[in-house]
Structures are given as C-alpha cells and as structure tokens.
>>> print(open('data01.pdb').read())   # PDB, C-alpha atoms, pLDDT in the B column
ATOM      1  CA  HIS A  21      -7.681  24.867  19.880  1.00 84.00           C
ATOM      2  CA  VAL A  22      -6.909  21.786  17.769  1.00 90.00           C
ATOM      3  CA  GLN A  23      -5.115  18.860  19.346  1.00 95.00           C
ATOM      4  CA  LEU A  24      -4.131  15.537  17.745  1.00 96.00           C
ATOM      5  CA  VAL A  25      -3.182  12.523  19.874  1.00 97.00           C
ATOM      6  CA  GLU A  26      -1.836   9.341  18.270  1.00 97.00           C
ATOM      7  CA  SER A  27      -1.817   5.855  19.750  1.00 98.00           C
ATOM      8  CA  GLY A  28      -1.426   2.260  18.663  1.00 98.00           C
ATOM      9  CA  GLY A  29       2.261   2.094  17.886  1.00 97.00           C
ATOM     10  CA  GLY A  30       4.459  -0.737  19.081  1.00 97.00           C
ATOM     11  CA  SER A  31       6.854  -3.472  18.084  1.00 98.00           C
ATOM     12  CA  VAL A  32       5.885  -6.150  15.597  1.00 98.00           C
ATOM     13  CA  GLN A  33       7.575  -8.786  13.507  1.00 98.00           C
ATOM     14  CA  ALA A  34       7.859  -8.416   9.761  1.00 98.00           C
ATOM     15  CA  GLY A  35       4.644  -9.471   8.075  1.00 98.00           C
ATOM     16  CA  GLY A  36       2.554  -8.401  11.033  1.00 98.00           C
ATOM     17  CA  SER A  37      -0.071  -5.689  11.411  1.00 98.00           C
ATOM     18  CA  LEU A  38      -0.727  -2.633  13.534  1.00 98.00           C
ATOM     19  CA  LYS A  39      -3.558  -0.107  13.615  1.00 98.00           C
ATOM     20  CA  LEU A  40      -2.768   3.468  14.552  1.00 98.00           C
ATOM     21  CA  SER A  41      -5.378   5.904  15.845  1.00 98.00           C
ATOM     22  CA  CYS A  42      -5.398   9.682  16.037  1.00 97.00           C
ATOM     23  CA  VAL A  43      -8.045  11.438  18.105  1.00 96.00           C
ATOM     24  CA  VAL A  44      -8.730  15.020  17.048  1.00 94.00           C
ATOM     25  CA  SER A  45     -10.083  17.563  19.509  1.00 91.00           C
ATOM     26  CA  GLY A  46     -11.419  20.895  18.369  1.00 83.00           C
ATOM     27  CA  TYR A  47     -12.575  18.948  15.374  1.00 70.00           C
ATOM     28  CA  LYS A  48     -14.173  20.180  12.246  1.00 76.00           C
ATOM     29  CA  SER A  49     -14.006  18.884   8.726  1.00 79.00           C
ATOM     30  CA  TYR A  50     -10.263  18.721   8.162  1.00 90.00           C
ATOM     31  CA  TYR A  51      -8.136  17.181   5.469  1.00 95.00           C
ATOM     32  CA  MET A  52      -5.919  14.671   7.251  1.00 96.00           C
ATOM     33  CA  ALA A  53      -2.815  12.602   6.660  1.00 97.00           C
ATOM     34  CA  TRP A  54      -0.306  10.241   8.208  1.00 98.00           C
ATOM     35  CA  PHE A  55       3.405  10.915   7.996  1.00 98.00           C
ATOM     36  CA  ARG A  56       6.447   9.045   9.264  1.00 98.00           C
ATOM     37  CA  GLN A  57      10.027   9.870  10.067  1.00 98.00           C
ATOM     38  CA  ALA A  58      12.860   7.442  10.603  1.00 96.00           C
ATOM     39  CA  PRO A  59      16.106   8.533  12.302  1.00 91.00           C
ATOM     40  CA  GLY A  60      18.289  10.468   9.881  1.00 93.00           C
ATOM     41  CA  ASN A  61      15.513  10.729   7.305  1.00 95.00           C
ATOM     42  CA  GLU A  62      13.151  13.503   6.328  1.00 95.00           C
ATOM     43  CA  ARG A  63       9.511  13.277   7.341  1.00 96.00           C
ATOM     44  CA  GLU A  64       7.575  11.605   4.526  1.00 96.00           C
ATOM     45  CA  ALA A  65       3.912  11.342   3.706  1.00 96.00           C
ATOM     46  CA  VAL A  66       2.299   7.943   4.038  1.00 97.00           C
ATOM     47  CA  ALA A  67      -1.412   8.421   3.369  1.00 98.00           C
ATOM     48  CA  PHE A  68      -3.993  11.169   2.894  1.00 97.00           C
ATOM     49  CA  ILE A  69      -7.765  11.350   3.269  1.00 97.00           C
ATOM     50  CA  ASP A  70      -9.954  14.217   2.153  1.00 95.00           C
ATOM     51  CA  THR A  71     -13.180  15.475   3.656  1.00 92.00           C
ATOM     52  CA  SER A  72     -15.246  13.194   1.417  1.00 93.00           C
ATOM     53  CA  GLY A  73     -13.234  10.075   2.211  1.00 93.00           C
ATOM     54  CA  GLY A  74     -11.094  10.067  -0.897  1.00 96.00           C
ATOM     55  CA  THR A  75      -7.618   8.668  -0.247  1.00 97.00           C
ATOM     56  CA  ASN A  76      -4.104   8.717  -1.643  1.00 97.00           C
ATOM     57  CA  TYR A  77      -1.032   6.742  -0.633  1.00 97.00           C
ATOM     58  CA  ALA A  78       2.699   6.870  -0.955  1.00 97.00           C
ATOM     59  CA  TYR A  79       3.937   4.294  -3.434  1.00 97.00           C
ATOM     60  CA  SER A  80       5.898   2.501  -0.712  1.00 96.00           C
ATOM     61  CA  VAL A  81       2.765   1.641   1.296  1.00 98.00           C
ATOM     62  CA  ALA A  82       0.030   1.373  -1.360  1.00 97.00           C
ATOM     63  CA  GLY A  83      -1.766  -1.940  -1.083  1.00 97.00           C
ATOM     64  CA  ARG A  84      -0.498  -2.545   2.469  1.00 98.00           C
ATOM     65  CA  PHE A  85      -1.772   0.479   4.440  1.00 98.00           C
ATOM     66  CA  THR A  86      -5.325   1.812   4.654  1.00 98.00           C
ATOM     67  CA  ILE A  87      -6.271   5.255   5.951  1.00 98.00           C
ATOM     68  CA  SER A  88      -9.787   5.821   7.257  1.00 97.00           C
ATOM     69  CA  LYS A  89     -11.700   8.074   9.622  1.00 95.00           C
ATOM     70  CA  ASP A  90     -14.694   7.905  11.917  1.00 93.00           C
ATOM     71  CA  ASN A  91     -16.262  11.360  12.009  1.00 89.00           C
ATOM     72  CA  ALA A  92     -18.554  10.398  14.893  1.00 90.00           C
ATOM     73  CA  LYS A  93     -15.509   9.552  17.020  1.00 92.00           C
ATOM     74  CA  ASN A  94     -13.313  12.368  15.665  1.00 92.00           C
ATOM     75  CA  THR A  95     -10.706   9.704  14.970  1.00 95.00           C
ATOM     76  CA  LEU A  96      -8.319   9.012  12.108  1.00 96.00           C
ATOM     77  CA  TYR A  97      -6.921   5.511  11.581  1.00 98.00           C
ATOM     78  CA  LEU A  98      -4.054   3.859   9.749  1.00 98.00           C
ATOM     79  CA  GLN A  99      -4.313   0.099   9.299  1.00 98.00           C
ATOM     80  CA  MET A 100      -0.869  -1.248   8.478  1.00 98.00           C
ATOM     81  CA  ASN A 101      -0.543  -4.774   7.129  1.00 98.00           C
ATOM     82  CA  SER A 102       2.393  -6.787   5.786  1.00 98.00           C
ATOM     83  CA  LEU A 103       4.763  -4.591   7.731  1.00 98.00           C
ATOM     84  CA  LYS A 104       8.419  -4.467   6.718  1.00 98.00           C
ATOM     85  CA  PRO A 105      11.511  -3.426   8.694  1.00 97.00           C
ATOM     86  CA  GLU A 106      11.742  -0.327   6.486  1.00 96.00           C
ATOM     87  CA  ASP A 107       8.359   0.791   7.884  1.00 98.00           C
ATOM     88  CA  THR A 108      10.072   1.414  11.224  1.00 98.00           C
ATOM     89  CA  ALA A 109       9.606   5.093  12.105  1.00 98.00           C
ATOM     90  CA  MET A 110       7.795   7.581  14.269  1.00 98.00           C
ATOM     91  CA  TYR A 111       4.326   8.013  12.808  1.00 98.00           C
ATOM     92  CA  TYR A 112       2.501  11.340  12.998  1.00 98.00           C
ATOM     93  CA  CYS A 113      -1.027  12.367  12.108  1.00 97.00           C
ATOM     94  CA  ALA A 114      -1.636  15.807  10.653  1.00 97.00           C
ATOM     95  CA  ALA A 115      -4.640  17.984   9.846  1.00 95.00           C
ATOM     96  CA  ASP A 116      -5.353  21.123   7.879  1.00 94.00           C
ATOM     97  CA  GLU A 117      -8.325  23.150   6.670  1.00 92.00           C
ATOM     98  CA  TYR A 118      -6.937  23.033   3.151  1.00 92.00           C
ATOM     99  CA  ASN A 119      -6.396  20.141   0.764  1.00 91.00           C
ATOM    100  CA  LEU A 120      -2.615  19.623   0.965  1.00 91.00           C
ATOM    101  CA  GLY A 121      -2.605  16.028  -0.173  1.00 90.00           C
ATOM    102  CA  LEU A 122       0.763  14.411   0.570  1.00 90.00           C
ATOM    103  CA  ALA A 123       2.601  17.708   1.028  1.00 90.00           C
ATOM    104  CA  ARG A 124       4.292  18.321   4.386  1.00 87.00           C
ATOM    105  CA  SER A 125       2.964  21.802   5.193  1.00 91.00           C
ATOM    106  CA  TYR A 126       0.110  20.753   7.468  1.00 95.00           C
ATOM    107  CA  THR A 127      -0.867  23.161  10.226  1.00 94.00           C
ATOM    108  CA  TYR A 128      -1.710  20.736  13.025  1.00 95.00           C
ATOM    109  CA  TRP A 129       0.430  17.769  14.121  1.00 96.00           C
ATOM    110  CA  GLY A 130       0.292  15.081  16.765  1.00 97.00           C
ATOM    111  CA  GLN A 131       3.212  14.121  18.991  1.00 97.00           C
ATOM    112  CA  GLY A 132       3.875  10.832  17.206  1.00 97.00           C
ATOM    113  CA  THR A 133       3.726   7.127  17.980  1.00 98.00           C
ATOM    114  CA  GLN A 134       6.653   4.762  17.411  1.00 98.00           C
ATOM    115  CA  VAL A 135       6.375   1.754  15.119  1.00 98.00           C
ATOM    116  CA  THR A 136       9.198  -0.781  15.136  1.00 98.00           C
ATOM    117  CA  VAL A 137       9.264  -3.730  12.743  1.00 98.00           C
ATOM    118  CA  SER A 138      11.893  -6.415  13.192  1.00 97.00           C
TER
END
>>> encode(input="data01.pdb", output="structure tokens")
Amino acid sequence: HVQLVESGGGSVQAGGSLKLSCVVSGYKSYYMAWFRQAPGNEREAVAFIDTSGGTNYAYSVAGRFTISKDNAKNTLYLQMNSLKPEDTAMYYCAADEYNLGLARSYTYWGQGTQVTVS
C-alpha cells in the first residue's frame, strides 16, 4: 500500500521561500512529481524527478523551484524560492512506477498542502 503525505506549506510574503516535503510509505523506486491546483484552475505540473535524479520543471517555476529526493528517508522535496502571489495553490506530490514526466496521470497522490503567497 503506497501512501504519500505532504507537509511544509504555509503563508509567506512575495519573495520568500518555503520547502515542501512528501514522505512516501510503501516506497520503491518511483518516478515522482509535484503538482499544484489553484481555485478554479486545473491541476498543473510543477516539477518532476526520475529514478536517477534527472529533473524537469514547468516554465513558470524554472529557476525558482528545485525538486529533490532523499531515498534513505523516502522523502521528496520541493524548495520554492522567490515566491510570487501566482504560486498560491494547493500543492500535491505524486508517484508512479512509470516515467510520466509532467503528465497528470500519476497513480498515487498525497492529500495536498496549502501554499499562500501574499
């Protein structure tokens, strides 16, 4: 049974930073990603990391966000710097056995953590 639990969200002023975490239970070598969804908007991909540590980012966050993982801790991270009000959303981590990149069809999802930038 795979379970993903996010944490680290909160409220921050524009220009500030937050670091999100996602602990994965039932872990094996998954492809993982961060997504976000603002009210009234579709869920969108933010960042992706493959099983070898290769990464890819949405254009809107490239250069500001960094995705990483600690296999020993079964934890995925998203370091978010230079935050903007338009980054406000619920952030979700996702995992899959297959390389889905920034597509939305991941099998496993966390419950989300709210990020608010004012």
>>> closest_residue(input="data01.pdb", among="A:Glu64, A:Asp90, A:Glu106, A:Asp70", to="Gly121 in chain A", atoms="all atoms listed in the file")
A:Asp70
>>> closest_residue(input="data01.pdb", among="A:Asn61, A:Ser31, A:Ser37, A:Gln134", to="Ala109 in chain A", atoms="all atoms listed in the file")
A:Gln134
>>> residues_around(input="data01.pdb", residues="Leu103 in chain A", least_positions_apart="6", cutoff="6 Å", atoms="all atoms listed in the file", output="PDB file with C-alpha atoms, in the coordinates of the input")
ATOM      1  CA  ALA A  34       7.859  -8.416   9.761  1.00 98.00           C
ATOM      2  CA  GLY A  35       4.644  -9.471   8.075  1.00 98.00           C
ATOM      3  CA  GLY A  36       2.554  -8.401  11.033  1.00 98.00           C
TER       4      GLY A  36
END
>>> closest_residue(input="data01.pdb", among="A:Ser45, A:Asn119, A:Gly28, A:Pro105", to="Ser72 in chain A", atoms="only C-alpha atoms")
A:Asn119
>>> residues_near_point(input="data01.pdb", point="(-0.3, 4.0, -1.2)", cutoff="12 Å", atoms="only C-alpha atoms", output="PyMOL selection string")
chain A and resi 53-54+65-69+75-87+98-100+122
>>> write_last_selection(input="data01.pdb", atoms="C-alpha atoms", output="PDB file, in the frame of the given file")
ATOM      1  CA  ALA A  53      -2.815  12.602   6.660  1.00 97.00           C
ATOM      2  CA  TRP A  54      -0.306  10.241   8.208  1.00 98.00           C
ATOM      3  CA  ALA A  65       3.912  11.342   3.706  1.00 96.00           C
ATOM      4  CA  VAL A  66       2.299   7.943   4.038  1.00 97.00           C
ATOM      5  CA  ALA A  67      -1.412   8.421   3.369  1.00 98.00           C
ATOM      6  CA  PHE A  68      -3.993  11.169   2.894  1.00 97.00           C
ATOM      7  CA  ILE A  69      -7.765  11.350   3.269  1.00 97.00           C
ATOM      8  CA  THR A  75      -7.618   8.668  -0.247  1.00 97.00           C
ATOM      9  CA  ASN A  76      -4.104   8.717  -1.643  1.00 97.00           C
ATOM     10  CA  TYR A  77      -1.032   6.742  -0.633  1.00 97.00           C
ATOM     11  CA  ALA A  78       2.699   6.870  -0.955  1.00 97.00           C
ATOM     12  CA  TYR A  79       3.937   4.294  -3.434  1.00 97.00           C
ATOM     13  CA  SER A  80       5.898   2.501  -0.712  1.00 96.00           C
ATOM     14  CA  VAL A  81       2.765   1.641   1.296  1.00 98.00           C
ATOM     15  CA  ALA A  82       0.030   1.373  -1.360  1.00 97.00           C
ATOM     16  CA  GLY A  83      -1.766  -1.940  -1.083  1.00 97.00           C
ATOM     17  CA  ARG A  84      -0.498  -2.545   2.469  1.00 98.00           C
ATOM     18  CA  PHE A  85      -1.772   0.479   4.440  1.00 98.00           C
ATOM     19  CA  THR A  86      -5.325   1.812   4.654  1.00 98.00           C
ATOM     20  CA  ILE A  87      -6.271   5.255   5.951  1.00 98.00           C
ATOM     21  CA  LEU A  98      -4.054   3.859   9.749  1.00 98.00           C
ATOM     22  CA  GLN A  99      -4.313   0.099   9.299  1.00 98.00           C
ATOM     23  CA  MET A 100      -0.869  -1.248   8.478  1.00 98.00           C
ATOM     24  CA  LEU A 122       0.763  14.411   0.570  1.00 90.00           C
TER      25      LEU A 122
END
>>> closest_residue(input="data01.pdb", among="A:Phe55, A:Gly132, A:Gly73, A:Ser125", to="Val43 in chain A", atoms="all atoms listed in the file")
A:Gly132
>>> closest_residue(input="data01.pdb", among="A:Thr127, A:Gln33, A:Leu40, A:Asp116", to="Arg56 in chain A", atoms="all atoms listed in the file")
A:Leu40
>>> atom_distance(input="data01.pdb", atom1="CA of Ala123 in chain A", atom2="CA of Gly46 in chain A")
22.5 Å
>>> closest_residue(input="data01.pdb", among="A:Ser41, A:Ser138, A:Ser49, A:Asn91", to="Val25 in chain A", atoms="only C-alpha atoms")
A:Ser41
>>> residues_around(input="data01.pdb", residues="Gln23 in chain A", least_positions_apart="6", cutoff="12 Å", atoms="all atoms listed in the file", output="compact mmCIF listing (two decimals) with C-alpha atoms, keeping the file's coordinate frame")
# COMPACT_ATOMS: atom_id res chain seq x y z
CA CYS A 42 -5.40 9.68 16.04
CA VAL A 43 -8.04 11.44 18.10
CA VAL A 44 -8.73 15.02 17.05
CA SER A 45 -10.08 17.56 19.51
CA GLY A 46 -11.42 20.90 18.37
CA TYR A 47 -12.58 18.95 15.37
CA LYS A 48 -14.17 20.18 12.25
CA ASN A 94 -13.31 12.37 15.66
CA THR A 95 -10.71 9.70 14.97
CA CYS A 113 -1.03 12.37 12.11
CA ALA A 114 -1.64 15.81 10.65
CA ALA A 115 -4.64 17.98 9.85
CA ASP A 116 -5.35 21.12 7.88
CA THR A 127 -0.87 23.16 10.23
CA TYR A 128 -1.71 20.74 13.02
CA TRP A 129 0.43 17.77 14.12
CA GLY A 130 0.29 15.08 16.76
CA GLN A 131 3.21 14.12 18.99
>>> residues_around(input="data01.pdb", residues="Val135 in chain A", least_positions_apart="5", cutoff="6 Å", atoms="all atoms listed in the file", output="VMD selection string")
chain A and resid 29 to 30 108 to 109
>>> atom_distance(input="data01.pdb", atom1="CA of His21 in chain A", atom2="CA of Tyr97 in chain A")
21.1 Å
>>> axis_aligned_box(input="data01.pdb", around="range 65-77 of chain A", padding_each_side="5 Å", output="JSON")
{"center_x": -5.7, "center_y": 11.1, "center_z": 1.2, "size_x": 29.2, "size_y": 18.7, "size_z": 15.7}
>>> atom_distance(input="data01.pdb", atom1="CA of Thr71 in chain A", atom2="CA of Tyr51 in chain A")
5.6 Å
>>> residues_near_point(input="data01.pdb", point="(12.2, 9.4, 12.6)", cutoff="6 Å", atoms="only C-alpha atoms", output="ChimeraX atom specification")
/A:57-59,109-110
